[in-house]
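Encoded as structure tokens, the structure appears first; notes follow it.
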Amino acid sequence: MRHIARVVDAWAPAGHPLAGAHLGAGALTLARYIAATRPGSMQCAVERERELLEAVLREVPLNAEVTLLFGDAREIVDSSPTPAWGASSRDVTVIDLWAGAVIGARVASLEFYRRVAERVSDDGFVAVNLLDGPGFEYSRRQAATLQAVFAEVAVVLDERMLGNTELGNVVVLASNRPGAFAGSASWFGGASASSAREPFVISRDLERFIAGAAIVTDATACDSPPPDESHFNEHLGRPFFAA
């Protein structure tokens with residue numbers, strides 16, 4: 001969440017309102033952040049688990065203009081534009097669609113990202129939050145797929161993961177803004193008062209990261225590997241970038 005928030009901070013002048021869409025509402029963490037730092041932002045959020053979100057809102061009320069859409073994210077993306085989302089393009093689109101620790105195939109394909117892209121402004125960006133680890137085969141294929149839809153793609157992950165020994169979050173960024181992520185490595189300096197180190201950003205070396213990974217379509221997509229999947233062990237400790 002902190003990494004995506006830093007991208008939001010760098011994307012437009014401080015305080016400038018942004019139109020945001022959140023696929024996977026969670027506790028509306030990023031929606032709250034955008035509302036607090038950019039008053040007047042118009043946002044919507046898609047959430048499948050209505051009871052869960054309503055329970056969150058009872059404990060932590062939302063004091064911001066965020067339209068809530070309840071339902072399956074793929075079905076909503078595939079449907080005709082709705083007044084809450086499709087009537088206007090979005091500057092920020094966050095895709096954070098997990099079921100437990102697994103991301104479903106239906107929300108990680110070329111066809112899905114193309115439909116999302118139809119609702120992204122020419123100057124907007126998409127941030128996809130993934131879970132991956134040694135080998136990073138899933139993230140490489142997701143980066144390749146987003147690269148087939150958007151002109152600019154970058155990958156952000158914690159530096160500790162470069163040893164190919166740990167699981168963690170991988171954020172893939174995509175945009176059609178020319179040179180969108182050229183200076184992205186500098187966006188994360190001083191990102192937190194904690195002792196957390198700045199993340200590792202892959203933009204110029206994106207092709208080395210993708211390493212020929214295949215684009216994912218509805219026909220070839222599969223769920224992300226669960227954290228205990230044994231195939232991670234096959235890549236444990238190998239060089240992060242393929243030779």
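In the structure tokens, the first chain shown is A, the next is B, and so on; residue numbers restart at 1 for each chain, and ligands run from 1 in the order shown.
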
Could I get the residues of region 165-216 of chain A with an atom no further than 7 Å from an atom of region 146-158 of chain A, each paired with its nearest atom pair and that distance in Å to one decimal, using only C-alpha atoms, sorted by chain and residue number, as CSV?
residue,atom,partner,partner_atom,distance
A:Asn169,CA,A:Leu157,CA,6.4
A:Val170,CA,A:Leu157,CA,4.9
A:Val171,CA,A:Val156,CA,5.1
A:Val172,CA,A:Val155,CA,4.5
A:Leu173,CA,A:Ala154,CA,5.1
A:Ala174,CA,A:Val153,CA,4.4
A:Ser175,CA,A:Glu152,CA,5.2
A:Asn176,CA,A:Ala151,CA,4.9
A:Gly179,CA,A:Glu152,CA,7.0
A:Ala180,CA,A:Glu152,CA,6.4
A:Phe181,CA,A:Ala154,CA,6.6
A:Pro199,CA,A:Asp158,CA,4.5
A:Phe200,CA,A:Leu157,CA,5.5
A:Val201,CA,A:Val156,CA,4.6
A:Ile202,CA,A:Val155,CA,5.0
A:Ser203,CA,A:Ala154,CA,4.6
A:Leu206,CA,A:Ala154,CA,6.8

For the residues selected in the previous step, produce a file with all heavy atoms as a short mmCIF file (atom, residue, chain, number, x, y, z; two decimals), in the first residue's frame.
data_model
loop_
_atom_site.label_atom_id
_atom_site.label_comp_id
_atom_site.auth_asym_id
_atom_site.auth_seq_id
_atom_site.Cartn_x
_atom_site.Cartn_y
_atom_site.Cartn_z
N ASN A 169 5.08 -9.00 -1.73
CA ASN A 169 4.25 -8.27 -2.68
C ASN A 169 5.08 -7.80 -3.86
O ASN A 169 6.22 -7.35 -3.69
CB ASN A 169 3.60 -7.07 -2.01
CG ASN A 169 2.55 -7.47 -1.00
OD1 ASN A 169 2.88 -7.79 0.14
ND2 ASN A 169 1.30 -7.46 -1.41
N VAL A 170 4.49 -7.88 -5.03
CA VAL A 170 5.07 -7.35 -6.26
C VAL A 170 4.01 -6.44 -6.87
O VAL A 170 2.89 -6.88 -7.15
CB VAL A 170 5.44 -8.45 -7.26
CG1 VAL A 170 6.00 -7.84 -8.54
CG2 VAL A 170 6.45 -9.43 -6.64
N VAL A 171 4.33 -5.17 -7.05
CA VAL A 171 3.39 -4.21 -7.63
C VAL A 171 3.80 -3.94 -9.08
O VAL A 171 4.94 -3.54 -9.33
CB VAL A 171 3.36 -2.89 -6.84
CG1 VAL A 171 2.43 -1.88 -7.52
CG2 VAL A 171 2.91 -3.14 -5.41
N VAL A 172 2.90 -4.20 -10.01
CA VAL A 172 3.15 -3.91 -11.42
C VAL A 172 2.38 -2.65 -11.78
O VAL A 172 1.17 -2.56 -11.57
CB VAL A 172 2.73 -5.08 -12.33
CG1 VAL A 172 3.12 -4.77 -13.78
CG2 VAL A 172 3.39 -6.38 -11.87
N LEU A 173 3.10 -1.66 -12.32
CA LEU A 173 2.52 -0.38 -12.71
C LEU A 173 2.42 -0.31 -14.23
O LEU A 173 3.32 -0.78 -14.93
CB LEU A 173 3.39 0.77 -12.21
CG LEU A 173 3.71 0.81 -10.71
CD1 LEU A 173 4.76 1.87 -10.42
CD2 LEU A 173 2.44 1.07 -9.91
N ALA A 174 1.35 0.27 -14.74
CA ALA A 174 1.15 0.38 -16.18
C ALA A 174 0.49 1.70 -16.53
O ALA A 174 -0.37 2.19 -15.78
CB ALA A 174 0.31 -0.79 -16.68
N SER A 175 0.87 2.27 -17.67
CA SER A 175 0.31 3.56 -18.08
C SER A 175 0.58 3.78 -19.57
O SER A 175 1.49 3.17 -20.15
CB SER A 175 0.96 4.69 -17.27
OG SER A 175 0.50 5.96 -17.71
N ASN A 176 -0.19 4.67 -20.16
CA ASN A 176 0.07 5.12 -21.53
C ASN A 176 0.71 6.49 -21.57
O ASN A 176 0.93 7.04 -22.66
CB ASN A 176 -1.22 5.11 -22.35
CG ASN A 176 -1.65 3.70 -22.74
OD1 ASN A 176 -0.81 2.86 -23.08
ND2 ASN A 176 -2.94 3.43 -22.68
N GLY A 179 6.91 7.95 -21.16
CA GLY A 179 7.96 8.02 -20.15
C GLY A 179 7.44 8.00 -18.73
O GLY A 179 8.07 8.54 -17.82
N ALA A 180 6.30 7.36 -18.52
CA ALA A 180 5.60 7.42 -17.23
C ALA A 180 6.47 7.06 -16.04
O ALA A 180 6.39 7.70 -14.99
CB ALA A 180 4.38 6.49 -17.27
N PHE A 181 7.33 6.07 -16.18
CA PHE A 181 8.07 5.57 -15.02
C PHE A 181 9.58 5.79 -15.14
O PHE A 181 10.36 5.14 -14.45
CB PHE A 181 7.76 4.08 -14.82
CG PHE A 181 6.28 3.80 -14.77
CD1 PHE A 181 5.65 3.06 -15.77
CD2 PHE A 181 5.49 4.32 -13.75
CE1 PHE A 181 4.29 2.82 -15.74
CE2 PHE A 181 4.13 4.10 -13.72
CZ PHE A 181 3.52 3.35 -14.71
N PRO A 199 12.11 0.42 -1.99
CA PRO A 199 11.90 -0.75 -2.84
C PRO A 199 12.82 -0.73 -4.05
O PRO A 199 13.44 0.28 -4.39
CB PRO A 199 10.44 -0.61 -3.26
CG PRO A 199 10.19 0.85 -3.23
CD PRO A 199 10.99 1.36 -2.06
N PHE A 200 12.90 -1.87 -4.71
CA PHE A 200 13.66 -2.01 -5.95
C PHE A 200 12.69 -1.80 -7.10
O PHE A 200 11.63 -2.43 -7.15
CB PHE A 200 14.28 -3.41 -6.02
CG PHE A 200 15.20 -3.62 -7.19
CD1 PHE A 200 16.48 -3.11 -7.19
CD2 PHE A 200 14.77 -4.33 -8.31
CE1 PHE A 200 17.33 -3.31 -8.26
CE2 PHE A 200 15.60 -4.52 -9.39
CZ PHE A 200 16.90 -4.02 -9.37
N VAL A 201 13.02 -0.91 -8.04
CA VAL A 201 12.14 -0.57 -9.15
C VAL A 201 12.75 -1.06 -10.46
O VAL A 201 13.91 -0.78 -10.75
CB VAL A 201 11.89 0.95 -9.22
CG1 VAL A 201 10.95 1.29 -10.37
CG2 VAL A 201 11.33 1.46 -7.90
N ILE A 202 11.95 -1.79 -11.22
CA ILE A 202 12.40 -2.30 -12.52
C ILE A 202 11.62 -1.56 -13.60
O ILE A 202 10.41 -1.72 -13.72
CB ILE A 202 12.13 -3.82 -12.65
CG1 ILE A 202 12.81 -4.57 -11.50
CG2 ILE A 202 12.62 -4.34 -14.00
CD1 ILE A 202 12.36 -6.02 -11.38
N SER A 203 12.31 -0.73 -14.36
CA SER A 203 11.68 -0.03 -15.48
C SER A 203 12.55 -0.18 -16.73
O SER A 203 12.14 -0.76 -17.73
CB SER A 203 11.43 1.44 -15.14
OG SER A 203 12.63 2.07 -14.71
N LEU A 206 13.07 -3.87 -17.70
CA LEU A 206 11.84 -4.64 -17.71
C LEU A 206 11.95 -5.89 -18.58
O LEU A 206 11.46 -6.97 -18.21
CB LEU A 206 10.67 -3.77 -18.19
CG LEU A 206 9.32 -4.45 -18.14
CD1 LEU A 206 8.88 -4.69 -16.68
CD2 LEU A 206 8.26 -3.62 -18.86
#

Just want the 7 Å neighbourhood of Arg48 (chain A), counted on only C-alpha atoms, with same-chain residues fewer than 4 positions away dropped. Output as number ranges by chain. A: 70-72

Non-local contacts of region 209-225 of chain A (10 Å; only C-alpha atoms; under 2 positions in same chain excluded) as a PyMOL selection string: chain A and resi 98+101-113+130-133+136-148+154-155+202-207+227-232+240-243

Those same residues, written as a short mmCIF file (atom, residue, chain, number, x, y, z; two decimals), in the first residue's frame with N, CA and C atoms?
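File written: part11.cif
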data_model
loop_
_atom_site.label_atom_id
_atom_site.label_comp_id
_atom_site.auth_asym_id
_atom_site.auth_seq_id
_atom_site.Cartn_x
_atom_site.Cartn_y
_atom_site.Cartn_z
N TRP A 98 -7.63 -10.36 -4.32
CA TRP A 98 -7.16 -11.60 -3.73
C TRP A 98 -8.32 -12.33 -3.08
N ALA A 101 -4.89 -15.72 -0.12
CA ALA A 101 -3.58 -15.36 -0.65
C ALA A 101 -3.44 -15.74 -2.12
N VAL A 102 -4.57 -15.93 -2.82
CA VAL A 102 -4.54 -16.36 -4.21
C VAL A 102 -5.30 -15.35 -5.08
N ILE A 103 -4.75 -15.06 -6.26
CA ILE A 103 -5.39 -14.17 -7.22
C ILE A 103 -6.00 -15.04 -8.31
N GLY A 104 -7.28 -14.88 -8.57
CA GLY A 104 -7.98 -15.71 -9.53
C GLY A 104 -7.60 -15.44 -10.97
N ALA A 105 -7.67 -16.47 -11.81
CA ALA A 105 -7.30 -16.35 -13.21
C ALA A 105 -8.17 -15.34 -13.96
N ARG A 106 -9.42 -15.21 -13.58
CA ARG A 106 -10.38 -14.36 -14.30
C ARG A 106 -10.03 -12.88 -14.22
N VAL A 107 -9.22 -12.50 -13.25
CA VAL A 107 -8.89 -11.08 -13.07
C VAL A 107 -7.38 -10.84 -13.27
N ALA A 108 -6.80 -11.63 -14.17
CA ALA A 108 -5.36 -11.49 -14.41
C ALA A 108 -5.01 -11.86 -15.85
N SER A 109 -5.91 -11.56 -16.78
CA SER A 109 -5.70 -11.96 -18.17
C SER A 109 -5.63 -10.75 -19.09
N LEU A 110 -5.21 -11.00 -20.32
CA LEU A 110 -5.14 -9.94 -21.33
C LEU A 110 -6.51 -9.31 -21.56
N GLU A 111 -7.53 -10.15 -21.64
CA GLU A 111 -8.88 -9.64 -21.88
C GLU A 111 -9.36 -8.77 -20.73
N PHE A 112 -9.05 -9.18 -19.52
CA PHE A 112 -9.44 -8.39 -18.35
C PHE A 112 -8.74 -7.03 -18.34
N TYR A 113 -7.43 -7.04 -18.58
CA TYR A 113 -6.69 -5.78 -18.54
C TYR A 113 -7.10 -4.85 -19.68
N LEU A 130 0.36 -7.94 -6.54
CA LEU A 130 0.52 -9.39 -6.66
C LEU A 130 1.28 -9.96 -5.47
N LEU A 131 1.24 -11.28 -5.36
CA LEU A 131 2.06 -12.01 -4.39
C LEU A 131 2.89 -13.01 -5.16
N ASP A 132 4.20 -13.00 -4.95
CA ASP A 132 5.06 -13.93 -5.68
C ASP A 132 6.34 -14.15 -4.90
N GLY A 133 7.20 -14.99 -5.45
CA GLY A 133 8.43 -15.33 -4.76
C GLY A 133 9.43 -15.97 -5.69
N PHE A 136 9.58 -15.90 -9.61
CA PHE A 136 8.71 -14.80 -10.03
C PHE A 136 8.05 -15.08 -11.39
N GLU A 137 7.75 -16.33 -11.65
CA GLU A 137 7.14 -16.69 -12.94
C GLU A 137 5.79 -16.03 -13.12
N TYR A 138 5.00 -15.98 -12.06
CA TYR A 138 3.67 -15.39 -12.16
C TYR A 138 3.77 -13.89 -12.45
N SER A 139 4.62 -13.19 -11.72
CA SER A 139 4.77 -11.74 -11.91
C SER A 139 5.35 -11.42 -13.28
N ARG A 140 6.26 -12.22 -13.78
CA ARG A 140 6.84 -11.98 -15.10
C ARG A 140 5.76 -12.07 -16.18
N ARG A 141 4.88 -13.06 -16.06
CA ARG A 141 3.80 -13.21 -17.04
C ARG A 141 2.78 -12.07 -16.92
N GLN A 142 2.53 -11.63 -15.70
CA GLN A 142 1.62 -10.51 -15.53
C GLN A 142 2.21 -9.22 -16.12
N ALA A 143 3.51 -9.01 -15.93
CA ALA A 143 4.16 -7.84 -16.51
C ALA A 143 4.12 -7.90 -18.03
N ALA A 144 4.35 -9.08 -18.60
CA ALA A 144 4.29 -9.25 -20.05
C ALA A 144 2.88 -8.96 -20.56
N THR A 145 1.88 -9.39 -19.82
CA THR A 145 0.50 -9.18 -20.24
C THR A 145 0.12 -7.70 -20.20
N LEU A 146 0.50 -7.03 -19.14
CA LEU A 146 0.21 -5.59 -19.05
C LEU A 146 0.98 -4.81 -20.11
N GLN A 147 2.17 -5.28 -20.45
CA GLN A 147 2.96 -4.61 -21.49
C GLN A 147 2.28 -4.73 -22.85
N ALA A 148 1.46 -5.75 -23.04
CA ALA A 148 0.73 -5.91 -24.29
C ALA A 148 -0.46 -4.97 -24.39
N ALA A 154 6.23 -0.86 -15.26
CA ALA A 154 7.32 -0.95 -14.30
C ALA A 154 6.91 -1.91 -13.20
N VAL A 155 7.90 -2.43 -12.50
CA VAL A 155 7.67 -3.40 -11.42
C VAL A 155 8.35 -2.90 -10.16
N ILE A 202 11.95 -1.79 -11.22
CA ILE A 202 12.40 -2.30 -12.52
C ILE A 202 11.62 -1.56 -13.60
N SER A 203 12.31 -0.73 -14.36
CA SER A 203 11.68 -0.03 -15.48
C SER A 203 12.55 -0.18 -16.73
N ARG A 204 13.78 0.30 -16.67
CA ARG A 204 14.69 0.14 -17.81
C ARG A 204 15.01 -1.33 -18.08
N ASP A 205 15.09 -2.12 -17.03
CA ASP A 205 15.43 -3.55 -17.17
C ASP A 205 14.19 -4.43 -17.26
N LEU A 206 13.07 -3.87 -17.70
CA LEU A 206 11.84 -4.64 -17.71
C LEU A 206 11.95 -5.89 -18.58
N GLU A 207 12.58 -5.78 -19.75
CA GLU A 207 12.69 -6.95 -20.63
C GLU A 207 13.51 -8.05 -19.99
N PRO A 227 1.04 -19.49 -1.41
CA PRO A 227 2.35 -19.29 -0.78
C PRO A 227 3.10 -20.58 -0.45
N ASP A 228 2.37 -21.68 -0.27
CA ASP A 228 3.04 -22.93 0.09
C ASP A 228 3.33 -23.81 -1.12
N GLU A 229 3.15 -23.27 -2.34
CA GLU A 229 3.35 -24.07 -3.54
C GLU A 229 4.81 -24.53 -3.64
N SER A 230 5.01 -25.81 -3.91
CA SER A 230 6.36 -26.38 -3.88
C SER A 230 7.25 -25.87 -5.01
N HIS A 231 6.64 -25.35 -6.10
CA HIS A 231 7.48 -24.94 -7.23
C HIS A 231 8.39 -23.77 -6.87
N PHE A 232 8.06 -23.01 -5.84
CA PHE A 232 8.95 -21.93 -5.42
C PHE A 232 10.33 -22.48 -5.07
N PHE A 240 18.33 -13.44 -9.69
CA PHE A 240 17.02 -12.82 -9.91
C PHE A 240 16.76 -12.60 -11.38
N PHE A 241 17.73 -12.04 -12.09
CA PHE A 241 17.59 -11.83 -13.54
C PHE A 241 18.19 -13.03 -14.27
N ALA A 242 17.45 -13.50 -15.28
CA ALA A 242 17.97 -14.62 -16.07
C ALA A 242 19.23 -14.18 -16.82
N ALA A 243 20.13 -15.11 -16.96
CA ALA A 243 21.40 -14.80 -17.63
C ALA A 243 21.17 -14.45 -19.11
#

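Distances to Pro134 (chain A) were evaluated for A:Ser186, A:Thr67, A:Asn164, A:Gln43 using only C-alpha atoms, and the minimum falls at A:Asn164.
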
Could you produce a table of the residues of region 100-182 of chain A lying within 10 Å of region 7-24 of chain A, with the nearest pair of atoms per residue and their separation in Å rounded to one decimal, using only C-alpha atoms, ordered by chain and increasing residue number, as CSV?
residue,atom,partner,partner_atom,distance
A:Val107,CA,A:Leu23,CA,9.8
A:Val116,CA,A:Leu23,CA,9.9
A:Arg119,CA,A:Ala21,CA,9.3
A:Val120,CA,A:Ala21,CA,9.2
A:Ser121,CA,A:Ala19,CA,9.2
A:Asp123,CA,A:Trp11,CA,9.4
A:Gly124,CA,A:Trp11,CA,8.5
A:Phe125,CA,A:Trp11,CA,8.6
A:Val126,CA,A:Ala21,CA,9.4
A:Ala127,CA,A:Val7,CA,9.0
A:Val128,CA,A:Leu23,CA,9.6
A:Leu173,CA,A:Val7,CA,9.1
A:Ala180,CA,A:Trp11,CA,8.8
A:Phe181,CA,A:Val7,CA,9.5

Which parts of region 19-212 of chain A does DSSP call strand (DSSP E or B) when run on the backbone here, written out as number ranges by chain? A: 19-23, 42-47, 66-70, 90-95, 99, 102, 120-132, 152-157, 168-175, 200-202

Would you give me, as a ChimeraX atom specification, the residues in region 56-131 of chain A that DSSP reads as alpha helix (DSSP H)? /A:56-59,73-78,110-117

Residues from the last selection, C-alpha atoms, saved as a PDB file, in the first residue's frame:
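Wrote out_21.pdb, looks like this:
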ATOM      1  CA  VAL A  56     -15.272  -2.503   8.269  1.00  0.00           C
ATOM      2  CA  LEU A  57     -17.251   0.679   7.700  1.00  0.00           C
ATOM      3  CA  ARG A  58     -19.130   0.227  10.971  1.00  0.00           C
ATOM      4  CA  GLU A  59     -15.805   0.167  12.808  1.00  0.00           C
ATOM      5  CA  ALA A  73     -14.919  -7.471 -10.413  1.00  0.00           C
ATOM      6  CA  ARG A  74     -14.639  -9.329 -13.722  1.00  0.00           C
ATOM      7  CA  GLU A  75     -18.380  -9.184 -14.304  1.00  0.00           C
ATOM      8  CA  ILE A  76     -18.449  -5.472 -13.516  1.00  0.00           C
ATOM      9  CA  VAL A  77     -15.472  -4.777 -15.783  1.00  0.00           C
ATOM     10  CA  ASP A  78     -17.045  -6.769 -18.609  1.00  0.00           C
ATOM     11  CA  LEU A 110      -5.139  -9.943 -21.329  1.00  0.00           C
ATOM     12  CA  GLU A 111      -8.877  -9.641 -21.884  1.00  0.00           C
ATOM     13  CA  PHE A 112      -9.445  -8.391 -18.346  1.00  0.00           C
ATOM     14  CA  TYR A 113      -6.688  -5.780 -18.543  1.00  0.00           C
ATOM     15  CA  ARG A 114      -7.943  -4.557 -21.903  1.00  0.00           C
ATOM     16  CA  ARG A 115     -11.362  -3.874 -20.420  1.00  0.00           C
ATOM     17  CA  VAL A 116      -9.772  -2.101 -17.470  1.00  0.00           C
ATOM     18  CA  ALA A 117      -7.670  -0.014 -19.877  1.00  0.00           C
TER      19      ALA A 117
END
